[in-house]
Amino acid sequence: SFLYDCPECPVESITWYEAVAFCNILSKQLGLPPAYAIRDTLVTWNRDSDGIRLPTEAEWEYAARAGTATVFYTGDCLSTDQENYLGYDPQKGCPKGMWRGQAIEVGSFPPNPWGLYDVLGNVSEWVWDWHSYHPAGAEVDPVGLDHGFERVIRGGNWHDLGRNCRPACRQKAAPAQLFSH
C-alpha cells in the first residue's frame, strides 16, 4: 500500500532476501557492481564490491548512535516528536507520547547528529548479520557468524515500544519471513 497511499514512506513487509535483491537492483541502476551473489536462498557478500548493501549489525549501531553515549542519540528519552513509535509505552521513566498507527514519510523528524533519518523508529531494518548471542563486554566492529537460521533486524518501528527503539535493541527473523514493521 505504500506505493499508493504514501510514496515517500519507507518500504515495509519485505523479507531479508527481498532486501538484498533490492540492493543489487539499485547497484545495477547506479552502475555499481552488485554486492551480493544470489543463488536461490544462498547469498554471499562480495566484500570488495562498491555496490549498495545492507550494513552489518555493528555498522548499523555505530551509525544509529552517531557518536553519542546515551540510551538514545536524543538523550535518555525518545519522544514521539523525534521518532515514530508506540508513544503510549515509552522507555521506562520517559513521558508518554502519541501513536500514529502506521509508517510515515521518511524524514518527518530531525536526523540524528550524523544526518541519518528514522534510525530508531518508523520501520525496523534488516542488516547483513546472522543472529547470535554476543558475549558480555565491548567488541569493536565484531564479525557476525557466516551461517545461521535468523537474520538480525535493528531499529524500532511505528508499532514498537520505546525500549525496543534503543540502538542496542536487537530483533531477529528467518530471512524468508516477511518482517512487517
# chains A, B, ... in the order shown; residues from 1 in each chain; ligands from 1

$ residues_around --residues "A:Gly93" --least-positions-apart "4" --cutoff "12 Å" --atoms "only C-alpha atoms" --output "ChimeraX atom specification"
/A:76-79,89,162-163

$ select_by_dssp --residues "stretch 44-126 of chain A" --states "alpha helix (DSSP H)" --output "PyMOL selection string"
chain A and resi 57-65

$ residues_around --residues "A:Asp118" --least-positions-apart "4" --cutoff "9 Å" --atoms "only C-alpha atoms" --output "number ranges by chain"
A: 82-84, 106-112, 122-123, 155-157

$ write_last_selection --atoms "C-alpha atoms" --output "short mmCIF file (atom, residue, chain, number, x, y, z; two decimals), in the first residue's frame"
data_model
loop_
_atom_site.label_atom_id
_atom_site.label_comp_id
_atom_site.auth_asym_id
_atom_site.auth_seq_id
_atom_site.Cartn_x
_atom_site.Cartn_y
_atom_site.Cartn_z
CA GLN A 82 11.71 12.73 17.49
CA GLU A 83 10.75 9.30 16.12
CA ASN A 84 7.63 7.35 15.09
CA VAL A 106 10.81 9.39 5.61
CA GLY A 107 12.47 12.44 7.15
CA SER A 108 9.41 13.65 9.08
CA PHE A 109 11.62 14.22 12.13
CA PRO A 110 15.07 15.76 12.62
CA PRO A 111 18.01 13.48 11.74
CA ASN A 112 20.49 12.07 14.22
CA ASN A 122 9.23 4.30 11.73
CA VAL A 123 10.35 0.93 10.28
CA GLY A 155 15.87 -0.10 14.85
CA GLY A 156 12.44 0.38 16.28
CA ASN A 157 9.30 0.85 14.25
#

$ residues_around --residues "A:Tyr85" --least-positions-apart "5" --cutoff "9 Å" --atoms "only C-alpha atoms" --output "PyMOL selection string"
chain A and resi 79-80+90+97-103+120-123+156-162+165

$ closest_atom_pairs --of "stretch 40-63 of chain A" --to "stretch 28-33 of chain A" --cutoff "12 Å" --atoms "only C-alpha atoms" --output "JSON lines"
{"residue": "A:Trp45", "atom": "CA", "partner": "A:Pro33", "partner_atom": "CA", "distance": 11.6}
{"residue": "A:Asn46", "atom": "CA", "partner": "A:Pro33", "partner_atom": "CA", "distance": 9.4}
{"residue": "A:Arg47", "atom": "CA", "partner": "A:Pro33", "partner_atom": "CA", "distance": 11.1}
{"residue": "A:Asp48", "atom": "CA", "partner": "A:Pro33", "partner_atom": "CA", "distance": 9.6}
{"residue": "A:Ser49", "atom": "CA", "partner": "A:Pro33", "partner_atom": "CA", "distance": 6.0}
{"residue": "A:Asp50", "atom": "CA", "partner": "A:Pro33", "partner_atom": "CA", "distance": 6.4}
{"residue": "A:Gly51", "atom": "CA", "partner": "A:Leu32", "partner_atom": "CA", "distance": 5.1}
{"residue": "A:Ile52", "atom": "CA", "partner": "A:Leu32", "partner_atom": "CA", "distance": 7.8}
{"residue": "A:Arg53", "atom": "CA", "partner": "A:Pro33", "partner_atom": "CA", "distance": 10.7}

$ write_last_selection --atoms "N, CA, C and O atoms" --output "PDB file, in the first residue's frame"
ATOM      1  N   TRP A  45      28.279 -12.325   0.083  1.00  0.00           N
ATOM      2  CA  TRP A  45      28.614 -10.911   0.003  1.00  0.00           C
ATOM      3  C   TRP A  45      30.021 -10.771  -0.544  1.00  0.00           C
ATOM      4  O   TRP A  45      30.972 -11.305   0.024  1.00  0.00           O
ATOM      5  N   ASN A  46      30.160 -10.056  -1.632  1.00  0.00           N
ATOM      6  CA  ASN A  46      31.470  -9.732  -2.186  1.00  0.00           C
ATOM      7  C   ASN A  46      31.954  -8.473  -1.477  1.00  0.00           C
ATOM      8  O   ASN A  46      31.552  -7.365  -1.820  1.00  0.00           O
ATOM      9  N   ARG A  47      32.791  -8.639  -0.495  1.00  0.00           N
ATOM     10  CA  ARG A  47      33.223  -7.516   0.336  1.00  0.00           C
ATOM     11  C   ARG A  47      34.112  -6.515  -0.414  1.00  0.00           C
ATOM     12  O   ARG A  47      34.349  -5.424   0.077  1.00  0.00           O
ATOM     13  N   ASP A  48      34.573  -6.886  -1.602  1.00  0.00           N
ATOM     14  CA  ASP A  48      35.363  -5.956  -2.418  1.00  0.00           C
ATOM     15  C   ASP A  48      34.481  -5.096  -3.311  1.00  0.00           C
ATOM     16  O   ASP A  48      34.969  -4.162  -3.943  1.00  0.00           O
ATOM     17  N   SER A  49      33.201  -5.388  -3.372  1.00  0.00           N
ATOM     18  CA  SER A  49      32.281  -4.642  -4.226  1.00  0.00           C
ATOM     19  C   SER A  49      31.963  -3.278  -3.619  1.00  0.00           C
ATOM     20  O   SER A  49      31.861  -3.132  -2.402  1.00  0.00           O
ATOM     21  N   ASP A  50      31.796  -2.297  -4.484  1.00  0.00           N
ATOM     22  CA  ASP A  50      31.362  -0.967  -4.050  1.00  0.00           C
ATOM     23  C   ASP A  50      29.849  -0.806  -4.181  1.00  0.00           C
ATOM     24  O   ASP A  50      29.331   0.298  -4.045  1.00  0.00           O
ATOM     25  N   GLY A  51      29.149  -1.900  -4.459  1.00  0.00           N
ATOM     26  CA  GLY A  51      27.703  -1.837  -4.647  1.00  0.00           C
ATOM     27  C   GLY A  51      26.952  -1.560  -3.357  1.00  0.00           C
ATOM     28  O   GLY A  51      27.499  -1.651  -2.252  1.00  0.00           O
ATOM     29  N   ILE A  52      25.685  -1.237  -3.509  1.00  0.00           N
ATOM     30  CA  ILE A  52      24.793  -0.976  -2.377  1.00  0.00           C
ATOM     31  C   ILE A  52      24.604  -2.278  -1.602  1.00  0.00           C
ATOM     32  O   ILE A  52      24.406  -3.341  -2.188  1.00  0.00           O
ATOM     33  N   ARG A  53      24.637  -2.182  -0.276  1.00  0.00           N
ATOM     34  CA  ARG A  53      24.491  -3.382   0.564  1.00  0.00           C
ATOM     35  C   ARG A  53      23.816  -3.031   1.868  1.00  0.00           C
ATOM     36  O   ARG A  53      23.712  -1.859   2.243  1.00  0.00           O
TER      37      ARG A  53
END

$ atom_distance --atom1 "atom CA of A:Ala168" --atom2 "atom CA of A:Glu59"
12.1 Å

$ residues_around --residues "A:Trp126" --least-positions-apart "3" --cutoff "7 Å" --atoms "only C-alpha atoms" --output "number ranges by chain"
A: 16, 152-154

$ write_last_selection --atoms "all heavy atoms" --output "short mmCIF file (atom, residue, chain, number, x, y, z; two decimals), in the first residue's frame"
data_model
loop_
_atom_site.label_atom_id
_atom_site.label_comp_id
_atom_site.auth_asym_id
_atom_site.auth_seq_id
_atom_site.Cartn_x
_atom_site.Cartn_y
_atom_site.Cartn_z
N TRP A 16 14.24 -10.63 4.12
CA TRP A 16 15.66 -10.30 4.02
C TRP A 16 16.14 -10.55 2.59
O TRP A 16 16.92 -9.77 2.05
CB TRP A 16 16.45 -11.13 5.03
CG TRP A 16 17.91 -10.85 5.04
CD1 TRP A 16 18.57 -9.88 5.75
CD2 TRP A 16 18.93 -11.53 4.29
NE1 TRP A 16 19.91 -9.92 5.49
CE2 TRP A 16 20.16 -10.93 4.59
CE3 TRP A 16 18.90 -12.59 3.39
CZ2 TRP A 16 21.36 -11.36 4.04
CZ3 TRP A 16 20.10 -13.02 2.83
CH2 TRP A 16 21.31 -12.40 3.16
N VAL A 152 19.43 -10.61 11.67
CA VAL A 152 19.20 -9.56 12.66
C VAL A 152 18.41 -8.41 12.04
O VAL A 152 18.61 -8.06 10.88
CB VAL A 152 20.54 -9.04 13.22
CG1 VAL A 152 20.32 -7.88 14.19
CG2 VAL A 152 21.30 -10.17 13.90
N ILE A 153 17.53 -7.84 12.85
CA ILE A 153 16.74 -6.67 12.49
C ILE A 153 17.05 -5.61 13.54
O ILE A 153 17.05 -5.89 14.74
CB ILE A 153 15.24 -6.99 12.50
CG1 ILE A 153 14.96 -8.10 11.49
CG2 ILE A 153 14.41 -5.75 12.21
CD1 ILE A 153 13.65 -8.80 11.72
N ARG A 154 17.33 -4.39 13.08
CA ARG A 154 17.69 -3.32 14.02
C ARG A 154 16.74 -2.14 13.86
O ARG A 154 16.10 -1.96 12.83
CB ARG A 154 19.13 -2.87 13.80
CG ARG A 154 20.19 -3.95 14.04
CD ARG A 154 20.19 -4.50 15.46
NE ARG A 154 20.50 -3.52 16.46
CZ ARG A 154 21.68 -3.34 17.02
NH1 ARG A 154 22.70 -4.10 16.70
NH2 ARG A 154 21.85 -2.41 17.94
#

$ atom_distance --atom1 "atom CA of A:His131" --atom2 "atom CA of A:Pro55"
14.0 Å
